[in-house]
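Have a look at the structure below, then the notes.
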Amino acid sequence: MVKIRLARVGSKKNPIYRVVVADSRAPRDGRNIETIGRYNPQIDPSIVEVDLERAKHWIDNGAQPSHAVGKLIKIVEARG
């Protein structure tokens, strides 16, 4: 199954995440199919960028967003 989830790319004690489309069997930070956004919770306000068009494309084709990514998508949609 294909999932839309977060992959950690920050250094030790400095988490920064990419929003990626990956096979559910792949490791968290392993191989991904496509990177569709980024999330940086370290600054105030947090940076949340998600390509909604690509996310919708993947969801329409059967990808399942994780709980955290679902929240991020709703935040981006609310911003307009």
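Order determines the names: the first chain of the structure tokens is A, the second B, and so forth; residues in each chain are numbered 1 upward, and ligands are numbered 1 upward as they are shown.
Listed by chain and then by rising number, the residues of chain A that DSSP assigns to strand (DSSP E) from the backbone are A:Val2, A:Lys3, A:Ile4, A:Arg5, A:Leu6, A:Ala7, A:Arg8, A:Tyr17, A:Arg18, A:Val19, A:Val20, A:Val21, A:Ala22, A:Asp23, A:Glu34, A:Thr35, A:Ile36, A:Gly37, A:Arg38, A:Tyr39, A:Asn40, A:Ile47, A:Val48, A:Glu49, A:Val50, A:Gln64, A:Pro65.
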Q) Contacts of A:Ser24 at 12 Å or less, counting only C-alpha atoms, minus same-chain residues fewer than 2 places along, as a PyMOL selection string? A) chain A and resi 1-6+20-22+26-33+63-66
**Q.** Residues near A:Arg54, cut-off 10 Å, only C-alpha atoms, skip fewer than 6 positions along chain, as a ChimeraX atom specification
**A.** /A:21,34-37,60
Q: Determine, counting only C-alpha atoms, which protein, DNA and RNA residues have an atom within 10 Å of an atom of A:Leu52; residues of the same chain fewer than 2 positions away are not included. Present the result as a PyMOL selection string.
A: chain A and resi 36-37+49-50+54-58+73-74+76-77
May I have the selected residues written with N, CA and C atoms, as a short mmCIF file (atom, residue, chain, number, x, y, z; two decimals), in the first residue's frame?
```cif
data_model
loop_
_atom_site.label_atom_id
_atom_site.label_comp_id
_atom_site.auth_asym_id
_atom_site.auth_seq_id
_atom_site.Cartn_x
_atom_site.Cartn_y
_atom_site.Cartn_z
N ILE A 36 6.28 15.75 -1.55
CA ILE A 36 5.22 16.70 -1.92
C ILE A 36 5.11 17.87 -0.94
N GLY A 37 6.01 17.95 0.03
CA GLY A 37 5.94 19.08 0.94
C GLY A 37 6.99 19.02 2.02
N GLU A 49 4.20 23.36 4.32
CA GLU A 49 4.00 23.48 2.88
C GLU A 49 3.68 22.11 2.32
N VAL A 50 2.53 21.99 1.66
CA VAL A 50 2.12 20.73 1.03
C VAL A 50 1.54 21.07 -0.33
N ARG A 54 -0.86 17.57 -5.81
CA ARG A 54 -0.22 16.26 -5.84
C ARG A 54 -0.78 15.35 -4.74
N ALA A 55 -1.06 15.92 -3.57
CA ALA A 55 -1.64 15.12 -2.48
C ALA A 55 -2.99 14.56 -2.91
N LYS A 56 -3.82 15.40 -3.52
CA LYS A 56 -5.14 14.94 -3.99
C LYS A 56 -4.98 13.87 -5.06
N HIS A 57 -4.02 14.06 -5.95
CA HIS A 57 -3.76 13.06 -7.00
C HIS A 57 -3.45 11.70 -6.37
N TRP A 58 -2.56 11.67 -5.38
CA TRP A 58 -2.17 10.41 -4.76
C TRP A 58 -3.32 9.81 -3.96
N ILE A 73 -2.50 18.67 6.00
CA ILE A 73 -3.27 18.99 4.80
C ILE A 73 -4.44 19.90 5.15
N LYS A 74 -5.12 19.62 6.26
CA LYS A 74 -6.22 20.47 6.69
C LYS A 74 -5.75 21.89 7.01
N VAL A 76 -3.16 23.47 5.65
CA VAL A 76 -2.85 24.14 4.39
C VAL A 76 -4.13 24.52 3.66
N GLU A 77 -5.15 23.63 3.68
CA GLU A 77 -6.41 23.94 3.03
C GLU A 77 -7.10 25.13 3.70
#
```
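Here the question is which of A:Ile75, A:Ile16, A:Ile59, A:Val9 gets nearest to A:Asn40 using only C-alpha atoms, and that residue is A:Ile16.
Interatomic distance, atom CA of A:Lys71 to atom CA of A:Arg8: 16.9 Å.
The smallest atom-to-atom distance between A:Val69 and any of A:Arg18, A:Ser11, A:Arg25, A:Gln42, using only C-alpha atoms, is found for A:Arg18.
Straight-line separation from atom CA of A:Tyr39 to atom CA of A:Tyr17: 5.1 Å.
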Q.
Write out as a PyMOL selection string the set of residues from chain A that DSSP, computed on the backbone, places in alpha helix (DSSP H).
A. chain A and resi 52-60+67-79
